[in-house]
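Structure file input_38.txt with compact mmCIF, C-alpha atoms and all ligand atoms:
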```txt
# COMPACT_ATOMS: atom_id res chain seq x y z
CA MET A 1 6.32 -3.63 22.78
CA LEU A 2 8.04 -3.84 19.38
CA LYS A 3 6.64 -7.23 18.42
CA ASN A 4 2.97 -8.10 18.12
CA SER A 5 1.33 -10.03 20.94
CA SER A 6 -1.82 -12.13 20.89
CA LYS A 7 -3.71 -9.04 22.14
CA SER A 8 -2.27 -6.15 20.16
CA TYR A 9 -0.11 -5.05 17.27
CA GLY A 10 3.42 -4.01 18.36
CA TRP A 11 5.04 -0.68 17.44
CA ILE A 12 6.79 -2.03 14.34
CA SER A 13 3.52 -3.23 12.76
CA ILE A 14 1.71 -0.06 13.85
CA VAL A 15 4.31 2.35 12.45
CA ILE A 16 4.61 0.46 9.15
CA HIS A 17 0.82 0.24 8.78
CA TRP A 18 0.33 4.02 9.12
CA LEU A 19 3.42 5.05 7.14
CA MET A 20 2.29 2.86 4.25
CA ALA A 21 -1.33 4.04 4.48
CA ILE A 22 -0.23 7.71 4.29
CA ALA A 23 2.23 6.96 1.48
CA ILE A 24 -0.40 5.10 -0.57
CA PHE A 25 -3.02 7.87 -0.32
CA PHE A 26 -0.32 10.44 -1.17
CA MET A 27 0.91 8.35 -4.13
CA PHE A 28 -2.64 8.06 -5.45
CA GLY A 29 -3.10 11.86 -5.40
CA LEU A 30 0.35 12.42 -6.89
CA GLY A 31 -0.31 9.83 -9.63
CA LEU A 32 -3.58 11.47 -10.71
CA TYR A 33 -1.97 14.92 -10.58
CA MET A 34 1.16 14.02 -12.56
CA VAL A 35 -0.57 12.23 -15.46
CA ASP A 36 -2.39 15.50 -16.26
CA LEU A 37 0.85 17.49 -16.53
CA THR A 38 2.47 18.18 -19.91
CA TYR A 39 6.14 18.03 -20.77
CA TYR A 40 6.34 21.83 -20.37
CA ASP A 41 5.09 21.91 -16.77
CA ALA A 42 7.87 22.64 -14.27
CA TRP A 43 6.88 19.61 -12.15
CA TYR A 44 6.53 17.12 -15.01
CA LYS A 45 9.80 15.29 -14.43
CA GLY A 46 10.07 15.99 -10.69
CA SER A 47 6.65 14.54 -9.87
CA LEU A 48 7.26 11.40 -11.93
CA ASP A 49 10.69 10.88 -10.34
CA LEU A 50 9.20 11.36 -6.86
CA HIS A 51 6.35 8.93 -7.65
CA LYS A 52 8.77 6.26 -8.86
CA SER A 53 11.28 6.72 -6.02
CA LEU A 54 8.64 6.77 -3.30
CA GLY A 55 6.87 3.83 -4.96
CA MET A 56 10.02 1.72 -4.83
CA ALA A 57 10.57 2.76 -1.19
CA VAL A 58 7.00 1.63 -0.42
CA LEU A 59 7.81 -1.68 -2.13
CA GLY A 60 10.81 -2.03 0.23
CA PHE A 61 8.53 -1.39 3.22
CA PHE A 62 6.04 -3.88 1.81
CA ILE A 63 8.66 -6.65 1.61
CA PHE A 64 9.78 -5.95 5.18
CA ARG A 65 6.13 -5.86 6.33
CA VAL A 66 5.36 -9.28 4.86
CA PHE A 67 8.55 -10.71 6.36
CA TRP A 68 7.66 -9.17 9.76
CA ARG A 69 4.12 -10.52 9.53
CA VAL A 70 5.45 -14.02 8.91
CA ILE A 71 7.87 -13.99 11.85
CA THR A 72 5.65 -12.31 14.48
CA THR A 73 2.45 -13.45 16.17
CA GLN A 74 -0.81 -12.11 14.75
CA PRO A 75 -3.21 -10.64 17.34
CA THR A 76 -6.23 -12.88 17.72
CA ALA A 77 -9.48 -11.66 16.20
CA LEU A 78 -11.76 -9.84 18.62
CA ALA A 79 -15.15 -11.31 19.42
CA GLY A 80 -17.64 -11.06 16.58
CA PRO A 81 -19.51 -13.26 14.13
CA LYS A 82 -17.44 -15.79 12.18
CA TRP A 83 -18.40 -14.24 8.81
CA GLN A 84 -17.06 -10.88 9.96
CA GLN A 85 -13.73 -12.35 11.01
CA LEU A 86 -13.46 -14.16 7.67
CA LEU A 87 -14.34 -10.98 5.77
CA ALA A 88 -11.65 -9.03 7.66
CA HIS A 89 -9.14 -11.80 6.93
CA TRP A 90 -9.91 -11.79 3.19
CA MET A 91 -9.88 -8.01 3.10
CA HIS A 92 -6.37 -7.92 4.58
CA GLN A 93 -5.17 -10.61 2.15
CA SER A 94 -6.67 -8.68 -0.78
CA LEU A 95 -5.03 -5.45 0.36
CA TYR A 96 -1.65 -7.21 0.35
CA VAL A 97 -2.17 -8.77 -3.11
CA VAL A 98 -3.43 -5.53 -4.71
CA MET A 99 -0.60 -3.48 -3.10
CA LEU A 100 1.99 -5.86 -4.52
CA LEU A 101 0.47 -6.00 -8.03
CA LEU A 102 0.14 -2.21 -8.08
CA MET A 103 3.81 -1.72 -7.28
CA VAL A 104 4.93 -4.43 -9.72
CA SER A 105 2.85 -2.85 -12.52
CA GLY A 106 4.42 0.56 -11.68
CA TYR A 107 7.86 -1.01 -11.95
CA LEU A 108 6.93 -2.55 -15.33
CA ILE A 109 5.73 0.83 -16.72
CA SER A 110 8.87 2.59 -15.56
CA THR A 111 11.32 -0.03 -16.88
CA ALA A 112 9.51 -0.78 -20.17
CA ASP A 113 12.19 1.09 -22.15
CA GLY A 114 14.93 -1.00 -20.52
CA ARG A 115 16.13 1.83 -18.25
CA ALA A 116 16.73 1.35 -14.51
CA ILE A 117 14.72 3.26 -11.87
CA ALA A 118 16.84 5.77 -9.93
CA VAL A 119 15.52 5.73 -6.36
CA PHE A 120 16.15 9.22 -4.90
CA ASP A 121 19.53 9.20 -6.74
CA LEU A 122 20.68 6.70 -4.09
CA LEU A 123 20.29 3.42 -5.88
CA ASN A 124 19.32 2.07 -9.28
CA ILE A 125 16.79 -0.73 -9.63
CA PRO A 126 17.54 -2.40 -12.97
CA ALA A 127 14.96 -3.34 -15.61
CA LEU A 128 14.22 -7.00 -16.29
CA PRO A 129 16.34 -8.48 -19.11
CA TRP A 130 13.19 -8.99 -21.25
CA HIS A 131 10.03 -7.05 -21.98
CA VAL A 132 6.72 -7.63 -23.77
CA GLU A 133 5.34 -5.60 -26.67
CA ASN A 134 3.42 -2.49 -25.55
CA GLN A 135 4.55 -3.17 -21.99
CA GLU A 136 4.29 0.50 -20.99
CA ASP A 137 0.66 0.81 -22.16
CA ILE A 138 -0.52 -2.56 -20.80
CA ALA A 139 1.15 -2.07 -17.41
CA GLY A 140 -0.13 1.54 -17.37
CA GLU A 141 -3.76 0.42 -17.83
CA ILE A 142 -3.38 -2.24 -15.14
CA HIS A 143 -1.67 0.25 -12.79
CA ALA A 144 -4.48 2.80 -13.18
CA ILE A 145 -7.21 0.18 -12.51
CA LEU A 146 -5.36 -1.33 -9.52
CA SER A 147 -4.76 2.10 -7.98
CA TRP A 148 -8.54 2.77 -7.92
CA LEU A 149 -9.18 -0.76 -6.63
CA LEU A 150 -6.67 -0.32 -3.80
CA ILE A 151 -8.20 3.00 -2.78
CA ALA A 152 -11.73 1.51 -2.87
CA LEU A 153 -10.64 -1.47 -0.73
CA SER A 154 -8.75 0.83 1.69
CA VAL A 155 -11.76 3.09 2.13
CA ALA A 156 -14.03 0.09 2.83
CA HIS A 157 -11.38 -1.24 5.25
CA ALA A 158 -11.12 2.15 7.02
CA LEU A 159 -14.92 2.41 7.29
CA ALA A 160 -15.03 -1.06 8.85
CA ALA A 161 -12.38 0.03 11.40
CA LEU A 162 -14.39 3.18 12.23
CA LYS A 163 -17.57 1.11 12.59
CA HIS A 164 -15.78 -1.13 15.12
CA HIS A 165 -14.62 1.93 17.01
CA PHE A 166 -17.76 4.07 17.09
CA ILE A 167 -20.60 1.54 16.79
CA ASN A 168 -19.30 -1.70 18.31
CA LYS A 169 -17.01 0.27 20.66
CA ASP A 170 -14.35 -2.47 20.63
CA ARG A 171 -10.53 -2.31 20.58
CA THR A 172 -10.00 -3.04 16.87
CA LEU A 173 -8.83 0.48 15.97
CA LYS A 174 -7.19 1.21 19.34
CA ARG A 175 -4.81 -1.72 19.00
CA MET A 176 -3.65 -0.42 15.60
CA LEU A 177 -3.03 3.04 17.11
CA LYS A 178 -1.04 2.12 20.21
CA VAL A 179 0.24 -1.01 21.91
CA ASP A 180 -2.76 -2.09 23.93
CA ASN A 181 -2.48 -5.13 26.15
CA VAL A 182 -5.86 -4.81 27.88
CA ASN A 183 -7.70 -8.12 28.15
C1 LIG B 1 2.53 2.73 -3.91
C2 LIG B 1 1.44 2.70 -4.55
C3 LIG B 1 1.13 3.45 -5.85
C4 LIG B 1 -0.01 4.15 -6.09
C5 LIG B 1 -1.19 4.34 -5.12
C6 LIG B 1 0.10 4.66 -7.44
C7 LIG B 1 -0.87 5.42 -8.08
C8 LIG B 1 -0.82 5.89 -9.38
C9 LIG B 1 -1.88 6.59 -10.06
C10 LIG B 1 -3.26 6.92 -9.47
C11 LIG B 1 -1.43 6.89 -11.31
C12 LIG B 1 -2.23 7.61 -12.40
C13 LIG B 1 -2.89 6.56 -13.28
C14 LIG B 1 -3.67 7.15 -14.44
O1 LIG B 1 -4.68 7.80 -14.20
O2 LIG B 1 -3.25 6.91 -15.59
C15 LIG B 1 -0.08 6.38 -11.42
C16 LIG B 1 0.70 6.50 -12.55
C17 LIG B 1 2.00 6.04 -12.63
N1 LIG B 1 2.68 5.31 -11.67
FE1 LIG B 1 2.00 4.80 -9.84
N2 LIG B 1 1.30 4.27 -7.99
C18 LIG B 1 1.96 3.52 -7.05
C19 LIG B 1 3.21 2.93 -7.20
C20 LIG B 1 4.04 3.09 -8.31
C21 LIG B 1 5.37 2.52 -8.45
C22 LIG B 1 6.06 1.58 -7.44
C23 LIG B 1 5.85 2.93 -9.65
C24 LIG B 1 7.18 2.63 -10.30
C25 LIG B 1 8.30 2.51 -9.70
C26 LIG B 1 4.83 3.75 -10.29
C27 LIG B 1 4.94 4.35 -11.53
C28 LIG B 1 3.95 5.05 -12.16
C29 LIG B 1 4.10 5.64 -13.49
C30 LIG B 1 5.34 5.58 -14.38
C31 LIG B 1 2.87 6.25 -13.79
C32 LIG B 1 2.51 7.04 -15.05
C33 LIG B 1 1.77 6.19 -16.00
C34 LIG B 1 1.36 6.96 -17.22
O3 LIG B 1 2.08 7.87 -17.64
O4 LIG B 1 0.29 6.63 -17.76
N3 LIG B 1 3.74 3.83 -9.43
N4 LIG B 1 0.27 5.76 -10.24
C1 LIG B 2 -3.98 2.49 2.04
C2 LIG B 2 -4.51 2.38 3.21
C3 LIG B 2 -4.47 1.13 4.07
C4 LIG B 2 -3.95 -0.12 3.81
C5 LIG B 2 -3.27 -0.62 2.55
C6 LIG B 2 -4.18 -0.94 5.02
C7 LIG B 2 -3.83 -2.27 5.15
C8 LIG B 2 -4.02 -3.04 6.28
C9 LIG B 2 -3.64 -4.43 6.42
C10 LIG B 2 -2.99 -5.28 5.33
C11 LIG B 2 -3.98 -4.83 7.68
C12 LIG B 2 -3.77 -6.23 8.30
C13 LIG B 2 -2.82 -6.21 9.44
C14 LIG B 2 -1.39 -6.10 9.01
O1 LIG B 2 -0.89 -7.05 8.42
O2 LIG B 2 -0.75 -5.05 9.25
C15 LIG B 2 -4.57 -3.69 8.35
C16 LIG B 2 -5.07 -3.68 9.64
C17 LIG B 2 -5.78 -2.64 10.18
N1 LIG B 2 -6.04 -1.41 9.60
FE1 LIG B 2 -5.43 -0.78 7.79
N2 LIG B 2 -4.83 -0.17 5.96
C18 LIG B 2 -5.02 1.10 5.42
C19 LIG B 2 -5.62 2.18 6.03
C20 LIG B 2 -6.29 2.13 7.22
C21 LIG B 2 -7.09 3.20 7.79
C22 LIG B 2 -7.30 4.59 7.13
C23 LIG B 2 -7.59 2.74 8.98
C24 LIG B 2 -8.50 3.40 10.02
C25 LIG B 2 -9.30 4.39 9.82
C26 LIG B 2 -7.07 1.39 9.17
C27 LIG B 2 -7.32 0.59 10.27
C28 LIG B 2 -6.82 -0.67 10.48
C29 LIG B 2 -7.06 -1.46 11.67
C30 LIG B 2 -7.88 -1.03 12.88
C31 LIG B 2 -6.41 -2.69 11.49
C32 LIG B 2 -6.39 -3.89 12.47
C33 LIG B 2 -7.53 -4.81 12.10
C34 LIG B 2 -7.64 -6.03 13.03
O3 LIG B 2 -7.00 -6.08 14.06
O4 LIG B 2 -8.38 -6.95 12.63
N3 LIG B 2 -6.31 1.05 8.08
N4 LIG B 2 -4.60 -2.61 7.47
```
What is this structure when it is put down as structure tokens?
Amino acid sequence: MLKNSSKSYGWISIVIHWLMAIAIFFMFGLGLYMVDLTYYDAWYKGSLDLHKSLGMAVLGFFIFRVFWRVITTQPTALAGPKWQQLLAHWMHQSLYVVMLLLMVSGYLISTADGRAIAVFDLLNIPALPWHVENQEDIAGEIHAILSWLLIALSVAHALAALKHHFINKDRTLKRMLKVDNVN
């Protein structure tokens, strides 16, 4: 039930998948909203602090997710052409790589001035002992581009899942919504 099986994702993978998906879409909206605020807006500091804290929490979930993925079985691909299975595989790998780079670039913007990131006032994530010139601007550009790339990939990925569900009528989406051990 908690672990994946060869037929379905288990609850741990399912819950992490959806929590991270919601958090990423929320973070994207929050990011676009907060960069338009000025220093005099009431939410200027609060929104940035929330974005950084939640972002570091998502990074924590990400690390656990990768670890969990390595130690549990992966459900076998459902029937379908080989190219489609390969495409899905590469899409998942790309989502992981872009998620990681996005969070690392966010960390590099936030720590460019050498200050630690306070995560919900609970813990401080220190800056690296070195930094590159214009780190804040370079990492900021990369972060903005990667955030759009991640959303574009996620939307394509979601559309593929919906196509499986409504057109092919297979269990691809169902087994990411609940533990489903049907043959
Ligand atoms: C979890 C996924 C994340 C998403 C989807 C996301 C999304 C975004 C977006 C859309 C922007 C606005 C970009 C622009 O138009 O200039 C932004 C800005 C920013 N993000 Fe993130 N972000 C994420 C994670 C993080 C993390 C982990 C941190 C740091 C701990 C972070 C720190 C920042 C900072 C400091 C800015 C402001 C940059 C500026 O002032 O130009 N983000 N983010
Ligand atoms: C930011 C949003 C999202 C990200 C980053 C994301 C990422 C991923 C990743 C990396 C996997 C591979 C399995 C794993 O390791 O957990 C996966 C599987 C899956 N995702 Fe998403 N996902 C997102 C949103 C969505 C949405 C909105 C849907 C549905 C409408 C969806 C449906 C699925 C399904 C059905 C699978 C299982 C695919 C299979 O068994 O081959 N995902 N997702």
Nearest to His89 of chain A by atom-to-atom distance, counting only C-alpha atoms, from A:Leu162, A:Pro126, A:Gln74, A:Met56: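 Nearest to His89 of chain A: A:Gln74.
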Given 8 Å and all atoms listed in the file, residues near ligand LIG 2 (chain B) as number ranges by chain: A: 8-9, 13-14, 16-18, 20-25, 65-66, 69, 75-78, 85, 88-89, 91-96, 99, 150-151, 154-155, 157-162, 172-177
How would the residues just chosen look if you wrote them out with C-alpha atoms as a compact mmCIF listing (two decimals), in the coordinates of the input?
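Contents of out00.txt, freshly written:
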```txt
# COMPACT_ATOMS: atom_id res chain seq x y z
CA SER A 8 -2.27 -6.15 20.16
CA TYR A 9 -0.11 -5.05 17.27
CA SER A 13 3.52 -3.23 12.76
CA ILE A 14 1.71 -0.06 13.85
CA ILE A 16 4.61 0.46 9.15
CA HIS A 17 0.82 0.24 8.78
CA TRP A 18 0.33 4.02 9.12
CA MET A 20 2.29 2.86 4.25
CA ALA A 21 -1.33 4.04 4.48
CA ILE A 22 -0.23 7.71 4.29
CA ALA A 23 2.23 6.96 1.48
CA ILE A 24 -0.40 5.10 -0.57
CA PHE A 25 -3.02 7.87 -0.32
CA ARG A 65 6.13 -5.86 6.33
CA VAL A 66 5.36 -9.28 4.86
CA ARG A 69 4.12 -10.52 9.53
CA PRO A 75 -3.21 -10.64 17.34
CA THR A 76 -6.23 -12.88 17.72
CA ALA A 77 -9.48 -11.66 16.20
CA LEU A 78 -11.76 -9.84 18.62
CA GLN A 85 -13.73 -12.35 11.01
CA ALA A 88 -11.65 -9.03 7.66
CA HIS A 89 -9.14 -11.80 6.93
CA MET A 91 -9.88 -8.01 3.10
CA HIS A 92 -6.37 -7.92 4.58
CA GLN A 93 -5.17 -10.61 2.15
CA SER A 94 -6.67 -8.68 -0.78
CA LEU A 95 -5.03 -5.45 0.36
CA TYR A 96 -1.65 -7.21 0.35
CA MET A 99 -0.60 -3.48 -3.10
CA LEU A 150 -6.67 -0.32 -3.80
CA ILE A 151 -8.20 3.00 -2.78
CA SER A 154 -8.75 0.83 1.69
CA VAL A 155 -11.76 3.09 2.13
CA HIS A 157 -11.38 -1.24 5.25
CA ALA A 158 -11.12 2.15 7.02
CA LEU A 159 -14.92 2.41 7.29
CA ALA A 160 -15.03 -1.06 8.85
CA ALA A 161 -12.38 0.03 11.40
CA LEU A 162 -14.39 3.18 12.23
CA THR A 172 -10.00 -3.04 16.87
CA LEU A 173 -8.83 0.48 15.97
CA LYS A 174 -7.19 1.21 19.34
CA ARG A 175 -4.81 -1.72 19.00
CA MET A 176 -3.65 -0.42 15.60
CA LEU A 177 -3.03 3.04 17.11
```
Surroundings of ligand LIG 1 (chain B) up to 8 Å, based on all atoms listed in the file, as number ranges by chain: A: 23-35, 48, 51-59, 99, 102-110, 117, 136-137, 140-141, 143-145, 147-148, 150-151
Best match for closeness to Phe120 of chain A among A:Val15, A:Ser5, A:Lys45, A:Leu50, counting all atoms listed in the file: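 Closest to Phe120 of chain A of all the choices is A:Leu50.
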Segment 20-29 of chain A: axis-aligned bounding box, 6 Å on each side, centre and edge lengths in Å, one decimal, as AutoDock Vina command-line options:
```
--center_x -0.4 --center_y 7.4 --center_z -0.5 --size_x 17.4 --size_y 21.0 --size_z 21.9
```
Atom pair atom CA of Val179 of chain A / atom CA of Thr72 of chain A: separation (Å):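 For atom CA of Val179 of chain A relative to atom CA of Thr72 of chain A, the distance reads 14.6 Å.
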Gap from atom CA of Arg171 of chain A to atom CA of Gln84 of chain A - Å, one decimal: 15.1 Å
Interatomic distance, atom CA of Asn134 of chain A to atom CA of Leu122 of chain A (Å, one decimal): 29.0 Å
Residue nearest Ile71 of chain A - candidates A:Lys3, A:His164, A:Tyr44, A:Leu149, atoms counted: only C-alpha atoms: A:Lys3
